[in-house]
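**Student:** My questions will all concern the structure given below.
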6 protein chains.
Amino acid sequence: MRILLINPNTTESVTTLVKRHAETIAGDTATFVPVTGRFGARYISTRASAAIAGHAALDAYAMHRDRCDAVYLACFGDPGLLALREIADVPVVGMAEASCIEASRRGRFAIVTGGALWGPMLREFVGSIGLADKLAKVRTIAPTGGDIARNPDAALAALASACTACASEDGADVVILGGAALAGLASRIQSDVPVPVLCSVETGTRAVIAAAANGLNNTSPPPTLESVGLGAELAKLLQQK
Amino acid sequence: MRILLINPNTTESVTTLVKRHAETIAGDTATFVPVTGRFGARYISTRASAAIAGHAALDAYAMHRDRCDAVYLACFGDPGLLALREIADVPVVGMAEASCIEASRRGRFAIVTGGALWGPMLREFVGSIGLADKLAKVRTIAPTGGDIARNPDAALAALASACTACASEDGADVVILGGAALAGLASRIQSDVPVPVLCSVETGTRAVIAAAANGLNNTSPPPTLESVGLGAELAKLLQQK
Amino acid sequence: MRILLINPNTTESVTTLVKRHAETIAGDTATFVPVTGRFGARYISTRASAAIAGHAALDAYAMHRDRCDAVYLACFGDPGLLALREIADVPVVGMAEASCIEASRRGRFAIVTGGALWGPMLREFVGSIGLADKLAKVRTIAPTGGDIARNPDAALAALASACTACASEDGADVVILGGAALAGLASRIQSDVPVPVLCSVETGTRAVIAAAANGLNNTSPPPTLESVGLGAELAKLLQQK
Amino acid sequence: MRILLINPNTTESVTTLVKRHAETIAGDTATFVPVTGRFGARYISTRASAAIAGHAALDAYAMHRDRCDAVYLACFGDPGLLALREIADVPVVGMAEASCIEASRRGRFAIVTGGALWGPMLREFVGSIGLADKLAKVRTIAPTGGDIARNPDAALAALASACTACASEDGADVVILGGAALAGLASRIQSDVPVPVLCSVETGTRAVIAAAANGLNNTSPPPTLESVGLGAELAKLLQQK
Amino acid sequence: MRILLINPNTTESVTTLVKRHAETIAGDTATFVPVTGRFGARYISTRASAAIAGHAALDAYAMHRDRCDAVYLACFGDPGLLALREIADVPVVGMAEASCIEASRRGRFAIVTGGALWGPMLREFVGSIGLADKLAKVRTIAPTGGDIARNPDAALAALASACTACASEDGADVVILGGAALAGLASRIQSDVPVPVLCSVETGTRAVIAAAANGLNNTSPPPTLESVGLGAELAKLLQQK
Amino acid sequence: MRILLINPNTTESVTTLVKRHAETIAGDTATFVPVTGRFGARYISTRASAAIAGHAALDAYAMHRDRCDAVYLACFGDPGLLALREIADVPVVGMAEASCIEASRRGRFAIVTGGALWGPMLREFVGSIGLADKLAKVRTIAPTGGDIARNPDAALAALASACTACASEDGADVVILGGAALAGLASRIQSDVPVPVLCSVETGTRAVIAAAANGLNNTSPPPTLESVGLGAELAKLLQQK
């Protein structure tokens with residue numbers, strides 16, 4: 001199976017980091033085709049950059065969708081998720097949506113990530129997928145995803161401490177360590193946290209592999225749309241549907 | 001007062017239509033600076049086109065923000081509203097948000113608009129602004145905003161009938177006729193509907209004039225963001241904040 | 001424009017305080033006609049006094065409604081708001097409703113006021129206007145509005161500290177300093193609070209000026225009601241509708 | 001046991017009607033002391049009349065509270081319920097609250113009553129007591145409670161039909177026939193309705209008898225309140241607490 | 001009146017403890033017929049034991065239902081409550097449901113009990129009866145109900161401290177001390193807690209006595225069910241309905 | 001991979017039906033070990049039978065759990081789901097939970113099943129997994145699952161009609177055809193329904209295969225529980241944890 005891995009940030013090293021983790025989990029069951037956003041913020045950490053990333057994800061899909069069995073939207077916060085699902089003819093899995101669903105099966109969940117502005121954005125995201133009642137808390141630490149990607153070791157103690165507070169103060173039964181740039185850190189702090197810590201990159205990877213295997217397709221294509229000023233492939237895709 | 005009127009659709013005639021209605025209401029209290037999206041769908045009617053429009057609205061703001069006292073995001077559904085508010089240093093008013101707030105003051109409200117795909121998008125939007133408990137129903141008619149703009153007379157009966165159903169079947173105390181392309185139609189169908197019908201263009205116009213007069217500014221600018229591939233003005237704006 | 005300013009407390013000095021602040025904001029755009037409740041508690045600080053104040057607000061409106069373009073219900077908690085709106089033929093703006101709506105546009109909001117019993121009453125009020133999902137917290141300090149009116153300086157430190165706790169502990173993006181008796185204190189503590197602090201008196205004033213300008217009227221008058229034992233003007237108003 | 005039966009309407013015949021039904025249920029376990037509102041609408045059917053009734057209920061309690069073991073607020077919609085509970089030192093039971101609680105034990109419930117304006121008021125009431133999730137629907141018929149009191153036979157068919165619609169269209173497991181003026185009608189229409197129909201007067205009576213027997217008292221009296229212009233007994237009660 | 005007191009735990013000493021408290025409250029108004037679960041955990045403290053207890057409660061009812069006027073399901077968490085109500089032809093009162101309803105009349109309530117795993121189970125229970133909006137917090141202390149039954153004195157300080165935290169930190173207006181094994185402890189800690197503490201055993205007892213007196217019956221029996229492997233009485237009861 | 005397929009009904013032919021559908025989907029990726037409840041209703045169609053089934057599912061797991069990589073709780077309504085998850089050391093997937101999650105990814109969903117009493121039970125179930133906001137409607141047809149299993153052809157028209165009503169009247173974007181006994185019917189009615197129809201048996205099968213592959217285990221075993229009167233294997237399992 002071929003899975004299109006879209007990183008709607010514009011930093012290729014993060015794409016590579018996610019791809020490495022995804023391939024380790026997939027083994028020989030799936031191949032990941034990595035693509036980095038053509039435009040937008042280096043690291044998404046504000047509402048404006050997330051809004052732009054929604055467009056960038058659509059653009060990336062339109063350019064690289066050939067022969068893929070599923071799409072992995074690999075940015076925690078899932079910019080453009082429902083729009084991608086609307087135009088794609090294969091399953092689309094968002095890293096945050098998949099992580100929240102998996103976590104909600106285990107009880108009330110919390111999210112820990114980097115960058116204070118993600119707090120309200122993620123609370124709203126969880127509400128939008130209908131799981132607000134299961135969300136115990138979103139906690140953020142000061143360094144952004146970009147900062148953590150550059151120096152993950154420096155963030156471990158703060159991440160572990162935030163995860164522990166989610167369990168002891170907020171009553172979370174499970175914590176999601178959210179963010180492409182945080183790939184693999186969950187297992188490094190698990191022993192310091194009294195409840196399970198889910199790695200969003202790994203949880204999303206497992207979900208997209210399952211979705212690609214299930215192959216459930218979109219059944220009602222949206223109407224044809226005329227547009228101006230978009231990338232050629234995206235314009236063509238909107239037009240032809 | 002100067003108000004930047006952003007139509008994130010890419011159809012200039014709709015921008016002109018909204019401007020005309022806004023100026024009639026404003027009289028000499030405010031001037032509207034109209035700007036049409038540089039890229040995206042001619043008429044926003046799907047999730048993909050709405051996602052792109054969020055980016056287009058930011059781009060339009062960055063290019064035309066000089067000397068404006070407020071921003072009027074004049075597309076019902078308010079693509080990019082919170083992102084715009086994040087980067088703007090003047091008040092930003094969305095047509096749908098302003099209409100829903102005004103309607104919620106009068107009791108439970110309903111929304112009628114054109115284009116079936118707007119149904120779930122608008123229900124989610126109302127939830128995102130915290131007013132889900134006040135929403136009686138969203139009803140859509142088959143012709144899209146684009147269709148209605150081209151031939152408003154053909155849509156009047158269906159719009160009036162949908163508004164009436166909101167009152168008699170869904171218990172709405174007030175109905176919003178939503179959509180830039182539906183500017184001015186509320187007064188034409190009011191006599192056929194048993195509850196008040198609000199024109200979203202006019203309600204939004206009144207709200208943005210009030211906001212411009214109040215001049216409440218954003219107080220916590222977002223962090224500087226490095227980006228690639230964006231319009232020069234938007235990139236500069238994200239960078240300098 | 002003439003705006004009827006109803007203080008449903010029975011303390012005239014508070015009416016005068018609010019009037020002074022309202023006129024400063026209005027400049028020459030509006031005149032405020034002040035009226036103090038004819039009966040009820042000196043300072044509303046309990047459910048019983050709030051219930052009585054709902055009646056007093058209706059009575060005040062019936063007596064002083066002539067030639068007004070809007071009504072400003074100037075008690076944070078808005079006793080009688082929906083009932084006033086039902087019998088008035090001009091727009092009615094409540095201080096708390098207007099403040100919560102304005103605050104909700106900026107994200108999750110908190111309320112700080114004086115008098116512990118206002119805590120549950122205000123939480124319920126926010127729920128009743130449909131904004132419970134946007135409310136981060138209501139915090140009260142021990143002195144009541146009456147105490148603060150008599151000695152505002154003594155309350156500044158406690159108010160600032162409560163506002164700061166709303167931001168740092170409760171995740172509020174903005175705090176409303178609620179209460180007629182707290183008019184003008186927001187700007188005095190703003191520099192000690194890390195998020196914007198809204199003055200409810202000023203926010204309500206701006207909203208009622210905008211509403212008076214918009215002139216949107218009530219369209220469905222309630223049925224005629226026969227009554228006994230009410231003030232003559234109120235009885236007549238209920239009878240004639 | 002002595003139970004103070006407060007009818008905050010100002011129509012004595014309704015007080016008498018409720019008293020008669022209450023005594024039939026109570027047998028010799030309790031005596032009911034009837035009191036009719038001193039001021040306010042003949043029949044509460046609007047928000048304004050309900051707001052005034054909240055004051056009237058407090059006034060009635062203050063005048064007649066001597067030697068009572070419980071208070072029965074016998075108007076469906078419970079004007080002033082929480083305020084009464086605040087100032088009373090015996091249990092206070094509202095007819096609507098008691099009926100909704102009893103109904104919620106049997107599944108999702110609906111309410112049928114007379115007077116269209118009660119629809120939104122009762123939906124909000126149910127929300128305020130925390131039971132919105134259990135409410136299937138509020139249906140109103142055109143004649144108000146006052147009309148039905150004058151000619152109950154004329155309303156039976158419409159009430160039965162509305163109750164049946166609650167079951168068959170709205171999925172209600174049980175329906176409350178709400179309203180002091182509708183006392184005793186539930187049993188007359190039960191055979192025409194496919195789910196149980198609760199009489200609000202009888203359900204409230206049973207609840208207040210149980211509450212009087214349990215004798216759970218209010219433990220935290222509100223602070224002393226100075227007032228002007230109130231009935232002497234109410235002023236004294238507010239003052240002395 | 002005869003009330004069937006079902007303890008779905010399998011520890012007879014707890015049944016006896018509850019019976020003693022119930023009889024003290026009932027005086028000569030009601031007799032309690034105690035029955036202890038035939039199978040299941042000694043003390044219910046996990047989801048698995050609660051699921052089994054739902055079956056055990058049905059089995060106990062089927063075996064001992066003769067000539068009872070009401071059923072008291074005397075385990076806080078009410079395993080099998082709605083199923084019992086479905087098959088019983090007399091009123092069924094659950095200890096937790098009755099306590100939460102009584103508490104919700106006094107404002108926002110909290111629950112304190114023993115055994116950490118009850119936390120999420122009770123939050124879900126409160127949601128299932130529609131009272132989530134009224135729940136301030138569930139706090140658990142480490143010793144389980146079984147531990148507390150064996151040595152109540154050792155738990156008093158921790159229980160009082162948890163109840164106090166519910167008031168001071170979580171804003172609860174009233175706290176329920178929940179659990180059959182905690183019968184009578186509320187009055188022992190009341191003086192150390194700043195808000196009322198309800199004993200779940202006593203509150204439930206009062207509610208079941210009232211329900212037995214009211215005698216409201218189930219009106220729509222479920223369909224006949226064929227089964228295998230159940231206790232003879234339960235099988236017969238399911239079959240004959 | 002070996003997957004334990006638990007049918008908590010006591011009708012073996014339904015177990016066989018589900019197994020056949022599961023194996024068709026699984027191909028050679030997984031083997032299903034079927035087990036039918038030892039006790040309880042032939043077909044679960046009431047709250048009492050569902051409560052008993054929760055116990056039966058635990059009993060079945062305890063007896064047959066050896067060497068399984070996951071558990072498939074194959075009864076729509078998932079009796080005992082969270083209790084099973086608590087005691088199992090492999091992933092547990094419920095047919096209804098998996099179907100609702102998959103459906104919620106596609107928008108607002110509806111459920112159609114057989115047996116009127118499932119209506120409220122399923123609404124509550126969806127609420128308990130936190131997805132109430134995504135549920136458009138539950139519609140039931142008169143024949144129960146047992147009836148449909150005996151004669152599926154007779155139910156097709158009613159099922160298709162109910163699914164269509166979910167789309168056209170209730171605004172569902174996708175419909176789940178729920179129930180073990182309805183395995184395979186979704187594809188037979190799809191062409192008559194304007195939105196996608198998910199087969200709960202197949203959707204659950206795909207989810208359990210994915211979960212078995214992911215192998216995420218329970219990390220916090222519940223405390224040891226002493227019990228009486230249970231099946232030997234279940235007693236031992238509760239004891240040893």
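Every chain in the structure tokens has a letter given in the order shown (A, B, ...), and although residue numbers restart at 1 in each chain, ligands are simply numbered from 1 in the order shown.
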Return as a count of residues only the full set of residues in chain E whose backbone-based DSSP assignment is helix (DSSP H, G or I).
**Tutor:** 122
**Student:** Where does chain C end up after superposition onto chain E over all in-order Cα pairs? Give it as a short mmCIF file (atom, residue, chain, number, x, y, z; two decimals) with C-alpha atoms, in the first residue's frame.
**Tutor:**
data_model
loop_
_atom_site.label_atom_id
_atom_site.label_comp_id
_atom_site.auth_asym_id
_atom_site.auth_seq_id
_atom_site.Cartn_x
_atom_site.Cartn_y
_atom_site.Cartn_z
CA MET C 1 -45.34 -0.38 53.16
CA ARG C 2 -42.81 -3.07 52.28
CA ILE C 3 -39.67 -1.96 50.49
CA LEU C 4 -37.28 -4.43 48.89
CA LEU C 5 -33.75 -3.33 49.78
CA ILE C 6 -31.33 -4.80 47.24
CA ASN C 7 -27.62 -4.69 47.95
CA PRO C 8 -26.03 -5.95 44.74
CA ASN C 9 -22.72 -6.38 46.53
CA THR C 10 -22.34 -9.85 48.04
CA THR C 11 -21.41 -8.74 51.53
CA GLU C 12 -24.25 -9.19 53.94
CA SER C 13 -22.87 -6.93 56.63
CA VAL C 14 -23.27 -3.96 54.28
CA THR C 15 -26.87 -4.94 53.64
CA THR C 16 -27.43 -5.00 57.38
CA LEU C 17 -25.76 -1.62 57.81
CA VAL C 18 -27.99 0.00 55.20
CA LYS C 19 -31.09 -1.68 56.61
CA ARG C 20 -30.35 -0.30 60.07
CA HIS C 21 -30.02 3.26 58.77
CA ALA C 22 -33.08 2.93 56.56
CA GLU C 23 -35.23 1.68 59.42
CA THR C 24 -34.14 4.50 61.68
CA ILE C 25 -35.32 7.01 59.09
CA ALA C 26 -38.49 5.13 58.20
CA GLY C 27 -39.67 4.62 61.76
CA ASP C 28 -42.97 2.81 61.44
CA THR C 29 -43.83 4.15 57.99
CA ALA C 30 -42.09 1.32 56.12
CA THR C 31 -40.52 -2.11 56.50
CA PHE C 32 -37.34 -3.01 54.61
CA VAL C 33 -36.85 -6.50 53.19
CA PRO C 34 -33.09 -6.89 52.81
CA VAL C 35 -31.50 -9.00 50.10
CA THR C 36 -27.84 -9.44 49.25
CA GLY C 37 -26.55 -10.30 45.77
CA ARG C 38 -26.28 -14.06 45.13
CA PHE C 39 -23.18 -13.65 43.01
CA GLY C 40 -20.56 -11.05 42.18
CA ALA C 41 -17.83 -9.10 43.93
CA ARG C 42 -17.74 -8.76 47.68
CA TYR C 43 -17.45 -5.00 47.17
CA ILE C 44 -18.12 -3.37 43.81
CA SER C 45 -15.14 -1.23 42.94
CA THR C 46 -14.50 -1.81 39.23
CA ARG C 47 -16.42 -1.73 35.97
CA ALA C 48 -16.43 -5.51 35.75
CA SER C 49 -17.92 -5.92 39.20
CA ALA C 50 -20.51 -3.22 38.48
CA ALA C 51 -21.54 -4.99 35.26
CA ILE C 52 -22.00 -8.27 37.11
CA ALA C 53 -23.93 -6.47 39.83
CA GLY C 54 -26.49 -5.27 37.29
CA HIS C 55 -27.35 -8.89 36.62
CA ALA C 56 -27.29 -9.75 40.33
CA ALA C 57 -29.74 -6.96 41.11
CA LEU C 58 -32.20 -8.31 38.54
CA ASP C 59 -31.79 -11.81 39.93
CA ALA C 60 -32.40 -10.57 43.47
CA TYR C 61 -35.50 -8.69 42.43
CA ALA C 62 -36.93 -11.70 40.61
CA MET C 63 -36.42 -13.89 43.69
CA HIS C 64 -37.74 -11.52 46.36
CA ARG C 65 -40.21 -9.20 44.68
CA ASP C 66 -43.35 -10.59 46.23
CA ARG C 67 -45.61 -8.09 47.94
CA CYS C 68 -43.16 -5.19 47.78
CA ASP C 69 -44.34 -1.62 47.23
CA ALA C 70 -41.03 -0.29 46.00
CA VAL C 71 -37.42 -1.30 45.39
CA TYR C 72 -34.40 0.43 46.91
CA LEU C 73 -31.26 -0.31 44.87
CA ALA C 74 -28.80 0.35 47.66
CA CYS C 75 -25.44 0.58 45.94
CA PHE C 76 -24.08 4.00 45.03
CA GLY C 77 -23.66 3.79 41.26
CA ASP C 78 -27.01 2.05 40.85
CA PRO C 79 -25.94 -1.01 38.81
CA GLY C 80 -28.88 -2.22 36.75
CA LEU C 81 -31.16 0.69 37.68
CA LEU C 82 -32.90 1.18 34.34
CA ALA C 83 -33.10 -2.56 33.73
CA LEU C 84 -34.75 -3.07 37.12
CA ARG C 85 -37.17 -0.26 36.40
CA GLU C 86 -38.01 -1.97 33.12
CA ILE C 87 -39.00 -5.29 34.68
CA ALA C 88 -40.45 -4.07 37.99
CA ASP C 89 -44.09 -3.21 38.45
CA VAL C 90 -43.38 -1.01 41.46
CA PRO C 91 -41.24 2.15 41.75
CA VAL C 92 -37.47 1.58 41.78
CA VAL C 93 -35.18 4.12 43.46
CA GLY C 94 -31.43 4.08 43.08
CA MET C 95 -29.25 5.45 45.85
CA ALA C 96 -27.07 7.50 43.52
CA GLU C 97 -29.86 8.78 41.29
CA ALA C 98 -31.94 9.88 44.28
CA SER C 99 -28.94 11.57 45.90
CA CYS C 100 -27.93 13.42 42.74
CA ILE C 101 -31.48 14.65 42.15
CA GLU C 102 -31.83 15.88 45.73
CA ALA C 103 -28.41 17.53 45.55
CA SER C 104 -29.10 19.19 42.21
CA ARG C 105 -32.01 21.04 43.79
CA ARG C 106 -29.52 22.84 46.02
CA GLY C 107 -27.21 23.97 43.26
CA ARG C 108 -24.02 22.47 41.86
CA PHE C 109 -23.09 19.29 43.64
CA ALA C 110 -20.04 17.13 44.15
CA ILE C 111 -19.64 13.47 45.05
CA VAL C 112 -17.07 12.01 47.44
CA THR C 113 -16.61 8.27 47.72
CA GLY C 114 -13.99 5.58 48.29
CA GLY C 115 -12.05 3.82 45.53
CA ALA C 116 -10.34 5.64 42.67
CA LEU C 117 -11.99 3.61 39.91
CA TRP C 118 -15.41 4.97 40.87
CA GLY C 119 -14.36 8.42 39.60
CA PRO C 120 -14.99 7.93 35.86
CA MET C 121 -17.86 5.51 36.51
CA LEU C 122 -19.73 8.09 38.59
CA ARG C 123 -19.04 10.93 36.17
CA GLU C 124 -20.58 8.81 33.43
CA PHE C 125 -23.49 7.85 35.67
CA VAL C 126 -24.32 11.49 36.38
CA GLY C 127 -24.18 12.17 32.65
CA SER C 128 -26.53 9.28 31.97
CA ILE C 129 -29.20 10.71 34.26
CA GLY C 130 -28.90 14.08 32.52
CA LEU C 131 -27.32 16.03 35.37
CA ALA C 132 -23.77 16.53 34.08
CA ASP C 133 -24.22 20.30 34.01
CA LYS C 134 -24.90 20.32 37.74
CA LEU C 135 -21.92 18.19 38.73
CA ALA C 136 -19.02 20.21 40.09
CA LYS C 137 -16.67 17.29 40.70
CA VAL C 138 -16.28 13.66 41.73
CA ARG C 139 -13.50 13.15 44.26
CA THR C 140 -12.41 9.75 45.48
CA ILE C 141 -10.21 8.76 48.38
CA ALA C 142 -7.90 5.77 48.22
CA PRO C 143 -9.64 3.26 50.54
CA THR C 144 -12.51 1.49 48.78
CA GLY C 145 -16.01 1.16 50.15
CA GLY C 146 -14.98 -2.23 51.48
CA ASP C 147 -12.06 -0.74 53.36
CA ILE C 148 -14.23 2.02 54.79
CA ALA C 149 -16.91 -0.45 55.88
CA ARG C 150 -14.30 -2.34 57.86
CA ASN C 151 -12.85 0.76 59.48
CA PRO C 152 -14.91 3.89 59.05
CA ASP C 153 -13.09 5.92 61.69
CA ALA C 154 -9.85 5.70 59.75
CA ALA C 155 -11.46 7.35 56.73
CA LEU C 156 -13.22 10.30 58.37
CA ALA C 157 -10.41 12.80 58.04
CA ALA C 158 -9.79 12.01 54.36
CA LEU C 159 -13.51 12.16 53.58
CA ALA C 160 -13.92 15.51 55.32
CA SER C 161 -10.92 16.88 53.54
CA ALA C 162 -12.18 15.74 50.13
CA CYS C 163 -15.62 17.25 50.84
CA THR C 164 -14.05 20.52 51.84
CA ALA C 165 -11.99 20.59 48.65
CA CYS C 166 -15.19 20.11 46.65
CA ALA C 167 -16.57 23.28 48.19
CA SER C 168 -13.49 25.47 48.25
CA GLU C 169 -11.76 24.39 45.04
CA ASP C 170 -14.57 23.05 42.86
CA GLY C 171 -17.37 25.43 43.79
CA ALA C 172 -19.81 22.79 44.97
CA ASP C 173 -22.84 24.06 46.85
CA VAL C 174 -23.48 20.64 48.36
CA VAL C 175 -21.57 17.35 48.57
CA ILE C 176 -22.91 13.80 48.43
CA LEU C 177 -21.05 11.27 50.54
CA GLY C 178 -21.77 8.30 48.32
CA GLY C 179 -21.73 4.63 49.15
CA ALA C 180 -23.66 2.00 51.08
CA ALA C 181 -20.61 1.40 53.22
CA LEU C 182 -20.47 5.09 54.15
CA ALA C 183 -23.93 5.10 55.72
CA GLY C 184 -24.13 7.60 58.54
CA LEU C 185 -20.70 9.15 58.06
CA ALA C 186 -22.04 12.40 56.60
CA SER C 187 -23.31 13.65 59.93
CA ARG C 188 -20.01 12.80 61.56
CA ILE C 189 -18.02 15.05 59.22
CA GLN C 190 -20.58 17.78 58.58
CA SER C 191 -19.09 20.13 61.14
CA ASP C 192 -15.76 20.03 59.30
CA VAL C 193 -17.21 20.87 55.89
CA PRO C 194 -18.38 24.38 54.90
CA VAL C 195 -21.35 23.19 52.76
CA PRO C 196 -24.11 20.63 53.39
CA VAL C 197 -23.03 16.97 53.16
CA LEU C 198 -25.73 14.51 52.10
CA CYS C 199 -25.63 10.88 53.21
CA SER C 200 -26.51 8.85 50.13
CA VAL C 201 -28.06 6.05 52.17
CA GLU C 202 -30.38 8.40 54.02
CA THR C 203 -31.24 10.49 50.98
CA GLY C 204 -32.07 7.37 49.02
CA THR C 205 -34.13 6.01 51.89
CA ARG C 206 -36.25 9.16 52.01
CA ALA C 207 -36.74 9.01 48.26
CA VAL C 208 -37.83 5.38 48.21
CA ILE C 209 -40.29 5.92 51.05
CA ALA C 210 -41.81 8.80 49.10
CA ALA C 211 -41.90 6.73 45.92
CA ALA C 212 -43.55 3.81 47.68
CA ALA C 213 -46.17 6.17 49.07
CA ASN C 214 -46.82 7.68 45.65
CA GLY C 215 -47.15 4.25 44.13
CA LEU C 216 -46.59 5.36 40.55
CA ASN C 217 -46.32 2.25 38.47
CA ASN C 218 -44.58 1.29 35.31
CA THR C 219 -47.16 1.34 32.56
CA SER C 220 -45.57 -0.33 29.56
CA PRO C 221 -44.24 -3.83 30.28
CA PRO C 222 -41.41 -5.01 28.03
CA PRO C 223 -41.96 -7.89 25.59
CA THR C 224 -41.62 -11.52 26.56
CA LEU C 225 -38.03 -12.76 26.42
CA GLU C 226 -36.83 -16.32 26.07
CA SER C 227 -33.56 -17.01 27.83
CA VAL C 228 -31.12 -19.73 28.85
CA GLY C 229 -28.94 -20.30 31.89
CA LEU C 230 -30.49 -17.74 34.21
CA GLY C 231 -31.81 -18.21 37.73
CA ALA C 232 -35.25 -19.83 37.54
CA GLU C 233 -37.14 -16.84 38.94
CA LEU C 234 -35.45 -14.33 36.64
CA ALA C 235 -36.01 -16.54 33.61
CA LYS C 236 -39.65 -16.86 34.54
CA LEU C 237 -40.05 -13.12 35.08
CA LEU C 238 -38.49 -12.27 31.71
CA GLN C 239 -40.66 -14.89 30.06
CA GLN C 240 -43.97 -13.84 31.53
CA LYS C 241 -43.86 -10.12 31.07
#
**Student:** Extract the full set of strand (DSSP E) residues from range 52-173 of chain D according to DSSP on the backbone, and format it as a PyMOL selection string.
**Tutor:** chain D and resi 70-73+92-94+109-114+135-141
